[in-house]
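Structure data (PDB, C-alpha atoms, pLDDT in the B column) from upload_15.pdb:
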ATOM      1  CA  MET A  14      15.259 -14.268   5.247  1.00 57.00           C
ATOM      2  CA  THR A  15      14.943 -14.751   1.516  1.00 55.00           C
ATOM      3  CA  GLU A  16      11.884 -13.690  -0.462  1.00 54.00           C
ATOM      4  CA  ASP A  17      11.468 -13.951  -4.220  1.00 56.00           C
ATOM      5  CA  GLY A  18      15.194 -14.675  -4.536  1.00 62.00           C
ATOM      6  CA  LYS A  19      16.217 -11.531  -2.647  1.00 64.00           C
ATOM      7  CA  SER A  20      17.608 -11.083   0.845  1.00 78.00           C
ATOM      8  CA  LEU A  21      15.099  -9.469   3.195  1.00 80.00           C
ATOM      9  CA  ALA A  22      16.340  -8.381   6.609  1.00 85.00           C
ATOM     10  CA  LEU A  23      14.901  -6.685   9.660  1.00 89.00           C
ATOM     11  CA  ARG A  24      17.375  -4.202  11.122  1.00 88.00           C
ATOM     12  CA  LYS A  25      16.989  -2.644  14.570  1.00 88.00           C
ATOM     13  CA  ARG A  26      18.475   0.775  15.373  1.00 85.00           C
ATOM     14  CA  GLY A  27      17.581   1.631  18.949  1.00 82.00           C
ATOM     15  CA  GLU A  28      13.765   1.779  18.931  1.00 82.00           C
ATOM     16  CA  THR A  29      13.631   1.941  15.133  1.00 89.00           C
ATOM     17  CA  LEU A  30      12.948  -1.027  12.869  1.00 92.00           C
ATOM     18  CA  ASP A  31      14.024  -1.010   9.224  1.00 90.00           C
ATOM     19  CA  LEU A  32      12.900  -3.544   6.647  1.00 86.00           C
ATOM     20  CA  VAL A  33      15.752  -3.895   4.159  1.00 85.00           C
ATOM     21  CA  LEU A  34      15.648  -5.646   0.786  1.00 78.00           C
ATOM     22  CA  GLY A  35      19.186  -6.176  -0.457  1.00 76.00           C
ATOM     23  CA  ASN A  36      20.687  -2.726   0.187  1.00 75.00           C
ATOM     24  CA  VAL A  37      17.411  -0.809  -0.088  1.00 77.00           C
ATOM     25  CA  VAL A  38      15.359   0.263   2.949  1.00 80.00           C
ATOM     26  CA  LEU A  39      11.777  -0.604   2.046  1.00 78.00           C
ATOM     27  CA  LEU A  40      10.253   0.652   5.255  1.00 83.00           C
ATOM     28  CA  SER A  41      11.339   2.365   8.454  1.00 86.00           C
ATOM     29  CA  SER A  42       9.323   2.689  11.630  1.00 87.00           C
ATOM     30  CA  ALA A  43      10.875   6.151  12.061  1.00 84.00           C
ATOM     31  CA  ALA A  44       8.732   7.498   9.197  1.00 82.00           C
ATOM     32  CA  LEU A  45       5.236   6.050   9.031  1.00 93.00           C
ATOM     33  CA  GLU A  46       3.024   9.139   9.087  1.00 96.00           C
ATOM     34  CA  THR A  47       2.737   9.411   5.304  1.00 96.00           C
ATOM     35  CA  GLU A  48       1.468   5.821   5.145  1.00 96.00           C
ATOM     36  CA  ARG A  49      -1.073   6.540   7.869  1.00 97.00           C
ATOM     37  CA  LEU A  50      -2.304   9.585   5.967  1.00 98.00           C
ATOM     38  CA  PHE A  51      -2.408   7.441   2.840  1.00 98.00           C
ATOM     39  CA  GLY A  52      -4.751   5.019   4.599  1.00 98.00           C
ATOM     40  CA  ARG A  53      -7.047   7.888   5.551  1.00 98.00           C
ATOM     41  CA  LEU A  54      -7.781   8.458   1.872  1.00 98.00           C
ATOM     42  CA  ALA A  55     -10.438   5.785   2.422  1.00 97.00           C
ATOM     43  CA  SER A  56     -12.461   8.308   4.411  1.00 97.00           C
ATOM     44  CA  GLY A  57     -15.876   8.757   2.833  1.00 90.00           C
ATOM     45  CA  VAL A  58     -15.749   5.744   0.519  1.00 93.00           C
ATOM     46  CA  THR A  59     -18.471   3.117   0.610  1.00 92.00           C
ATOM     47  CA  GLY A  60     -17.739  -0.556   0.145  1.00 95.00           C
ATOM     48  CA  ARG A  61     -14.825  -2.746   1.137  1.00 98.00           C
ATOM     49  CA  VAL A  62     -11.281  -1.407   1.115  1.00 98.00           C
ATOM     50  CA  LEU A  63      -8.384  -3.413  -0.305  1.00 98.00           C
ATOM     51  CA  VAL A  64      -4.953  -2.542   1.094  1.00 98.00           C
ATOM     52  CA  GLY A  65      -2.025  -3.850  -0.901  1.00 98.00           C
ATOM     53  CA  GLY A  66       0.979  -4.260   1.408  1.00 95.00           C
ATOM     54  CA  LEU A  67       0.980  -4.773   5.182  1.00 96.00           C
ATOM     55  CA  GLY A  68       4.400  -3.380   6.097  1.00 92.00           C
ATOM     56  CA  PHE A  69       4.338  -2.106   9.665  1.00 93.00           C
ATOM     57  CA  GLY A  70       0.568  -1.584   9.510  1.00 95.00           C
ATOM     58  CA  ALA A  71       0.462   2.205   9.158  1.00 96.00           C
ATOM     59  CA  THR A  72      -1.723   2.255   6.024  1.00 97.00           C
ATOM     60  CA  LEU A  73      -4.093  -0.272   7.590  1.00 98.00           C
ATOM     61  CA  ARG A  74      -4.357   1.786  10.772  1.00 97.00           C
ATOM     62  CA  GLY A  75      -5.116   4.899   8.729  1.00 98.00           C
ATOM     63  CA  VAL A  76      -7.947   3.073   6.978  1.00 98.00           C
ATOM     64  CA  LEU A  77      -9.412   1.790  10.243  1.00 97.00           C
ATOM     65  CA  GLU A  78      -9.297   5.298  11.727  1.00 96.00           C
ATOM     66  CA  SER A  79     -11.179   6.809   8.788  1.00 97.00           C
ATOM     67  CA  THR A  80     -13.925   4.358   7.842  1.00 96.00           C
ATOM     68  CA  ASP A  81     -16.165   1.645   9.252  1.00 95.00           C
ATOM     69  CA  SER A  82     -15.770  -0.446   6.093  1.00 96.00           C
ATOM     70  CA  SER A  83     -14.317  -3.936   6.107  1.00 98.00           C
ATOM     71  CA  VAL A  84     -10.695  -4.158   4.971  1.00 98.00           C
ATOM     72  CA  LEU A  85      -8.884  -6.837   3.001  1.00 98.00           C
ATOM     73  CA  VAL A  86      -5.113  -6.593   3.520  1.00 98.00           C
ATOM     74  CA  VAL A  87      -3.044  -8.432   0.923  1.00 98.00           C
ATOM     75  CA  GLU A  88       0.617  -9.189   1.675  1.00 95.00           C
ATOM     76  CA  LYS A  89       2.591 -11.604  -0.468  1.00 90.00           C
ATOM     77  CA  LEU A  90       5.672 -11.938   1.765  1.00 88.00           C
ATOM     78  CA  ALA A  91       5.328 -14.489   4.551  1.00 88.00           C
ATOM     79  CA  SER A  92       8.260 -12.935   6.387  1.00 87.00           C
ATOM     80  CA  VAL A  93       6.499  -9.541   6.521  1.00 90.00           C
ATOM     81  CA  VAL A  94       3.430 -11.174   8.050  1.00 93.00           C
ATOM     82  CA  ASP A  95       5.664 -12.873  10.632  1.00 92.00           C
ATOM     83  CA  ILE A  96       7.370  -9.568  11.482  1.00 91.00           C
ATOM     84  CA  ALA A  97       3.992  -7.870  11.868  1.00 92.00           C
ATOM     85  CA  ARG A  98       2.925 -10.542  14.332  1.00 92.00           C
ATOM     86  CA  ARG A  99       6.168 -10.360  16.330  1.00 92.00           C
ATOM     87  CA  GLU A 100       8.733  -7.546  16.202  1.00 92.00           C
ATOM     88  CA  ALA A 101       6.360  -4.945  14.704  1.00 92.00           C
ATOM     89  CA  ALA A 102       3.359  -5.897  16.842  1.00 93.00           C
ATOM     90  CA  PRO A 103       3.576  -2.706  18.971  1.00 90.00           C
ATOM     91  CA  MET A 104       3.308  -0.598  15.793  1.00 89.00           C
ATOM     92  CA  ILE A 105       0.443  -2.689  14.409  1.00 92.00           C
ATOM     93  CA  ALA A 106      -1.320  -1.925  17.715  1.00 91.00           C
ATOM     94  CA  GLY A 107      -3.885  -4.706  17.353  1.00 94.00           C
ATOM     95  CA  ALA A 108      -5.077  -3.612  13.902  1.00 96.00           C
ATOM     96  CA  LEU A 109      -4.841  -7.153  12.534  1.00 96.00           C
ATOM     97  CA  ASP A 110      -7.176  -8.331  15.293  1.00 96.00           C
ATOM     98  CA  ASP A 111      -9.890  -5.831  14.346  1.00 97.00           C
ATOM     99  CA  SER A 112     -13.056  -7.720  13.369  1.00 97.00           C
ATOM    100  CA  ARG A 113     -13.288  -5.698  10.138  1.00 97.00           C
ATOM    101  CA  VAL A 114      -9.886  -6.919   8.891  1.00 98.00           C
ATOM    102  CA  ILE A 115      -9.053  -9.980   6.805  1.00 98.00           C
ATOM    103  CA  LEU A 116      -5.375 -10.676   6.021  1.00 98.00           C
ATOM    104  CA  GLU A 117      -4.611 -12.686   2.895  1.00 98.00           C
ATOM    105  CA  GLN A 118      -1.140 -13.812   1.846  1.00 96.00           C
ATOM    106  CA  ALA A 119      -1.210 -13.463  -1.936  1.00 96.00           C
ATOM    107  CA  ASP A 120      -0.060 -11.344  -4.857  1.00 94.00           C
ATOM    108  CA  VAL A 121      -2.246  -8.239  -4.835  1.00 97.00           C
ATOM    109  CA  ALA A 122      -2.401  -8.194  -8.645  1.00 96.00           C
ATOM    110  CA  ASP A 123      -4.164 -11.561  -8.575  1.00 96.00           C
ATOM    111  CA  VAL A 124      -6.566 -10.428  -5.860  1.00 98.00           C
ATOM    112  CA  ILE A 125      -7.486  -7.219  -7.704  1.00 98.00           C
ATOM    113  CA  ALA A 126      -8.224  -9.260 -10.839  1.00 97.00           C
ATOM    114  CA  ARG A 127     -10.854 -11.335  -9.014  1.00 97.00           C
ATOM    115  CA  GLU A 128     -12.509  -8.532  -7.022  1.00 98.00           C
ATOM    116  CA  ARG A 129     -15.543  -6.374  -7.876  1.00 98.00           C
ATOM    117  CA  ASP A 130     -17.474  -3.553  -6.183  1.00 98.00           C
ATOM    118  CA  LEU A 131     -14.615  -2.336  -3.974  1.00 98.00           C
ATOM    119  CA  GLY A 132     -14.807   1.118  -2.452  1.00 98.00           C
ATOM    120  CA  ALA A 133     -11.030   1.669  -2.534  1.00 98.00           C
ATOM    121  CA  ILE A 134      -7.772   0.039  -3.549  1.00 98.00           C
ATOM    122  CA  LEU A 135      -4.739   1.436  -1.736  1.00 98.00           C
ATOM    123  CA  LEU A 136      -1.374   0.162  -2.986  1.00 97.00           C
ATOM    124  CA  ASP A 137       1.575   0.587  -0.618  1.00 94.00           C
ATOM    125  CA  VAL A 138       3.731  -2.254  -1.908  1.00 92.00           C
ATOM    126  CA  ASP A 139       6.627  -0.337  -3.506  1.00 89.00           C
ATOM    127  CA  ASN A 140       8.521   2.929  -3.182  1.00 85.00           C
ATOM    128  CA  GLY A 141       6.358   4.190  -6.033  1.00 91.00           C
ATOM    129  CA  PRO A 142       4.983   3.281  -9.468  1.00 94.00           C
ATOM    130  CA  GLU A 143       8.399   3.509 -11.117  1.00 88.00           C
ATOM    131  CA  TRP A 144      10.402   1.707  -8.419  1.00 78.00           C
ATOM    132  CA  ALA A 145       9.066  -1.807  -7.912  1.00 73.00           C
ATOM    133  CA  SER A 146      10.560  -3.666  -4.961  1.00 71.00           C
ATOM    134  CA  PHE A 147      10.241  -6.898  -6.940  1.00 71.00           C
ATOM    135  CA  ARG A 148      10.317  -7.215 -10.726  1.00 75.00           C
ATOM    136  CA  THR A 149       6.911  -8.894 -10.705  1.00 79.00           C
ATOM    137  CA  ASN A 150       5.372  -5.809  -9.058  1.00 87.00           C
ATOM    138  CA  ALA A 151       5.999  -3.707 -12.162  1.00 88.00           C
ATOM    139  CA  ARG A 152       2.900  -5.244 -13.733  1.00 91.00           C
ATOM    140  CA  LEU A 153       0.747  -3.484 -11.126  1.00 95.00           C
ATOM    141  CA  TYR A 154       1.341  -0.148 -12.855  1.00 96.00           C
ATOM    142  CA  ALA A 155       0.878  -1.266 -16.473  1.00 95.00           C
ATOM    143  CA  ASP A 156      -2.183  -0.051 -18.367  1.00 96.00           C
ATOM    144  CA  ALA A 157      -3.808  -3.507 -18.335  1.00 96.00           C
ATOM    145  CA  ALA A 158      -3.494  -3.756 -14.539  1.00 96.00           C
ATOM    146  CA  LEU A 159      -4.809  -0.217 -14.053  1.00 98.00           C
ATOM    147  CA  ALA A 160      -7.831  -1.106 -16.173  1.00 98.00           C
ATOM    148  CA  ARG A 161      -8.411  -4.209 -14.035  1.00 98.00           C
ATOM    149  CA  ALA A 162      -8.201  -2.065 -10.906  1.00 98.00           C
ATOM    150  CA  LYS A 163     -10.858   0.266 -12.312  1.00 98.00           C
ATOM    151  CA  ASP A 164     -13.086  -2.718 -13.093  1.00 98.00           C
ATOM    152  CA  ALA A 165     -12.698  -3.904  -9.486  1.00 98.00           C
ATOM    153  CA  LEU A 166     -14.068  -0.618  -8.112  1.00 98.00           C
ATOM    154  CA  ARG A 167     -17.643   0.538  -7.721  1.00 98.00           C
ATOM    155  CA  PRO A 168     -18.560   3.947  -9.218  1.00 97.00           C
ATOM    156  CA  GLY A 169     -16.958   6.634  -7.051  1.00 97.00           C
ATOM    157  CA  GLY A 170     -14.329   4.184  -5.787  1.00 98.00           C
ATOM    158  CA  ILE A 171     -10.690   5.209  -5.617  1.00 98.00           C
ATOM    159  CA  PHE A 172      -7.440   3.589  -6.692  1.00 98.00           C
ATOM    160  CA  ALA A 173      -4.383   5.103  -4.998  1.00 98.00           C
ATOM    161  CA  VAL A 174      -0.646   4.437  -5.136  1.00 98.00           C
ATOM    162  CA  TRP A 175       1.755   5.612  -2.421  1.00 96.00           C
ATOM    163  CA  SER A 176       5.018   7.045  -3.767  1.00 96.00           C
ATOM    164  CA  GLY A 177       8.087   8.261  -1.932  1.00 92.00           C
ATOM    165  CA  TYR A 178       9.221  10.329  -4.934  1.00 93.00           C
ATOM    166  CA  PRO A 179       7.576  12.474  -7.646  1.00 95.00           C
ATOM    167  CA  ALA A 180       6.138  10.324 -10.432  1.00 95.00           C
ATOM    168  CA  ASP A 181       3.702  12.809 -11.896  1.00 95.00           C
ATOM    169  CA  ALA A 182       3.662  11.124 -15.305  1.00 95.00           C
ATOM    170  CA  PHE A 183       1.640   8.394 -13.616  1.00 97.00           C
ATOM    171  CA  VAL A 184      -1.334  10.772 -13.532  1.00 97.00           C
ATOM    172  CA  ALA A 185      -1.565  10.623 -17.331  1.00 97.00           C
ATOM    173  CA  ARG A 186      -1.528   6.818 -17.209  1.00 96.00           C
ATOM    174  CA  LEU A 187      -4.424   6.816 -14.751  1.00 98.00           C
ATOM    175  CA  ARG A 188      -6.364   9.105 -17.068  1.00 98.00           C
ATOM    176  CA  THR A 189      -5.576   6.915 -20.077  1.00 97.00           C
ATOM    177  CA  VAL A 190      -7.590   4.025 -18.589  1.00 97.00           C
ATOM    178  CA  GLY A 191     -10.489   6.281 -17.604  1.00 98.00           C
ATOM    179  CA  PHE A 192      -9.783   7.440 -14.067  1.00 98.00           C
ATOM    180  CA  THR A 193     -10.256  11.006 -12.893  1.00 98.00           C
ATOM    181  CA  ALA A 194      -6.793  11.552 -11.428  1.00 98.00           C
ATOM    182  CA  LYS A 195      -5.089  13.818  -8.911  1.00 98.00           C
ATOM    183  CA  ILE A 196      -2.007  14.059  -6.707  1.00 98.00           C
ATOM    184  CA  VAL A 197      -2.357  14.240  -2.916  1.00 98.00           C
ATOM    185  CA  PRO A 198       0.745  15.416  -0.987  1.00 98.00           C
ATOM    186  CA  LEU A 199       1.533  13.435   2.171  1.00 98.00           C
ATOM    187  CA  GLU A 200       3.408  15.109   5.017  1.00 96.00           C
ATOM    188  CA  GLU A 201       5.763  13.785   7.682  1.00 93.00           C
ATOM    189  CA  ARG A 202       6.372  16.258  10.536  1.00 91.00           C
ATOM    190  CA  GLY A 203       5.002  19.124   8.469  1.00 93.00           C
ATOM    191  CA  VAL A 204       7.118  18.415   5.370  1.00 96.00           C
ATOM    192  CA  VAL A 205       5.882  16.730   2.185  1.00 96.00           C
ATOM    193  CA  ARG A 206       7.767  13.428   2.119  1.00 95.00           C
ATOM    194  CA  ALA A 207       5.538  11.391  -0.177  1.00 96.00           C
ATOM    195  CA  ARG A 208       2.533  11.681  -2.411  1.00 97.00           C
ATOM    196  CA  ALA A 209      -0.497   9.638  -3.344  1.00 98.00           C
ATOM    197  CA  TYR A 210      -1.485   9.215  -6.966  1.00 98.00           C
ATOM    198  CA  VAL A 211      -5.259   8.848  -6.830  1.00 98.00           C
ATOM    199  CA  GLY A 212      -7.671   7.791  -9.535  1.00 98.00           C
ATOM    200  CA  THR A 213     -11.442   7.911  -9.073  1.00 98.00           C
ATOM    201  CA  ARG A 214     -13.801   5.720 -11.057  1.00 98.00           C
ATOM    202  CA  THR A 215     -16.613   7.915 -12.347  1.00 93.00           C
TER     203      THR A 215
END
Final structure tokens representation of the file:
Amino acid sequence: MTEDGKSLALRKRGETLDLVLGNVVLLSSAALETERLFGRLASGVTGRVLVGGLGFGATLRGVLESTDSSVLVVEKLASVVDIARREAAPMIAGALDDSRVILEQADVADVIARERDLGAILLDVDNGPEWASFRTNARLYADAALARAKDALRPGGIFAVWSGYPADAFVARLRTVGFTAKIVPLEERGVVRARAYVGTRT
């Protein structure tokens, strides 16, 4: 498969599926708990939830487990949607068929720009805010895009970015555009393996 000029492959190792972009593993089914916990950050929010990135569905499932809100899942890669419907279907566990869920194939930056009154925006499209899987994704973490994300949220809404590595300087960038910001550690088998950078619109 080729997406955005890069080779995207699905690799199977026993019962494990890896989504590989070039030589970089974007996602592995062996380690999805941090994404599921990331999705549960939507607990307690009111209003629709926007999930950026479908992957193997762990963030979406976390959202569905934690709120009754409707969920808009935005995935720009057609091949990822196809994998979710076929090879990764057991991991998705019917989440895409939930009546609360709408799946849109689009660039999440464009969708955020048009939205208003969201309860949460959860971005799980990269390995973190300083490691964009595609060059075009880097714009998601620029000040202008963060300001647009804040405008898309209702008061009390949250904007969160999943990161597989420490990127604590991102907290200051969230505060620069007016978010109240914090870091939420995310554990896999009792060990912190990722973190969520969370901004709340006051």
Requested in this report: Starting from the displayed file, determine the output of the PyMOL selection byres ((chain A and resi 194) around 8) and express the residue list as a ChimeraX atom specification.
Outcome: /A:184-185,187-188,192-193,195-196,210-213
Would you kindly translate the PyMOL selection byres ((chain A and resi 79) around 12) into the concrete residues it picks from this file, as a compact mmCIF listing (two decimals) with C-alpha atoms, in the frame of the given file?
# COMPACT_ATOMS: atom_id res chain seq x y z
CA ARG A 49 -1.07 6.54 7.87
CA LEU A 50 -2.30 9.59 5.97
CA PHE A 51 -2.41 7.44 2.84
CA GLY A 52 -4.75 5.02 4.60
CA ARG A 53 -7.05 7.89 5.55
CA LEU A 54 -7.78 8.46 1.87
CA ALA A 55 -10.44 5.78 2.42
CA SER A 56 -12.46 8.31 4.41
CA GLY A 57 -15.88 8.76 2.83
CA VAL A 58 -15.75 5.74 0.52
CA THR A 59 -18.47 3.12 0.61
CA VAL A 62 -11.28 -1.41 1.12
CA THR A 72 -1.72 2.26 6.02
CA LEU A 73 -4.09 -0.27 7.59
CA ARG A 74 -4.36 1.79 10.77
CA GLY A 75 -5.12 4.90 8.73
CA VAL A 76 -7.95 3.07 6.98
CA LEU A 77 -9.41 1.79 10.24
CA GLU A 78 -9.30 5.30 11.73
CA THR A 80 -13.92 4.36 7.84
CA ASP A 81 -16.16 1.64 9.25
CA SER A 82 -15.77 -0.45 6.09
CA SER A 83 -14.32 -3.94 6.11
CA VAL A 84 -10.70 -4.16 4.97
Report as an mmCIF file with C-alpha atoms, in the frame of the given file the residues that result from applying the PyMOL selection byres ((chain A and resi 132) around 8) to the structure here.
data_model
loop_
_atom_site.group_PDB
_atom_site.id
_atom_site.type_symbol
_atom_site.label_atom_id
_atom_site.label_comp_id
_atom_site.auth_asym_id
_atom_site.auth_seq_id
_atom_site.Cartn_x
_atom_site.Cartn_y
_atom_site.Cartn_z
ATOM 1 C CA VAL A 58 -15.749 5.744 0.519
ATOM 2 C CA THR A 59 -18.471 3.117 0.610
ATOM 3 C CA GLY A 60 -17.739 -0.556 0.145
ATOM 4 C CA ARG A 61 -14.825 -2.746 1.137
ATOM 5 C CA VAL A 62 -11.281 -1.407 1.115
ATOM 6 C CA ASP A 130 -17.474 -3.553 -6.183
ATOM 7 C CA LEU A 131 -14.615 -2.336 -3.974
ATOM 8 C CA ALA A 133 -11.030 1.669 -2.534
ATOM 9 C CA ILE A 134 -7.772 0.039 -3.549
ATOM 10 C CA LEU A 166 -14.068 -0.618 -8.112
ATOM 11 C CA ARG A 167 -17.643 0.538 -7.721
ATOM 12 C CA GLY A 169 -16.958 6.634 -7.051
ATOM 13 C CA GLY A 170 -14.329 4.184 -5.787
ATOM 14 C CA ILE A 171 -10.690 5.209 -5.617
#
Query - Using only C-alpha atoms: which of A:Ala71, A:Leu32, A:Ala151, A:Ala91 has the shortest distance to Ala108 (chain A) - result: A:Ala71
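You can rank A:Leu136, A:Val124, A:Ile105, A:Val174 by their closest distance to Val197 (chain A) using only C-alpha atoms, and at the top of that list sits A:Val174.
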**Report entry** Non-local contacts of Ala97 (chain A) (12 Å; all atoms listed in the file; under 2 positions in same chain excluded) as an NGL selection string
**Finding:** :A and (23 or 30 or 32 or 42 or 66-71 or 73 or 88 or 90-95 or 99-110 or 116)
Query - Selected residue, from A:Thr149, A:Ala209, A:Val204, A:Val190, that lies nearest to Tyr178 (chain A) when counting only C-alpha atoms - result: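 So, comparing all the options, the nearest one is A:Ala209.
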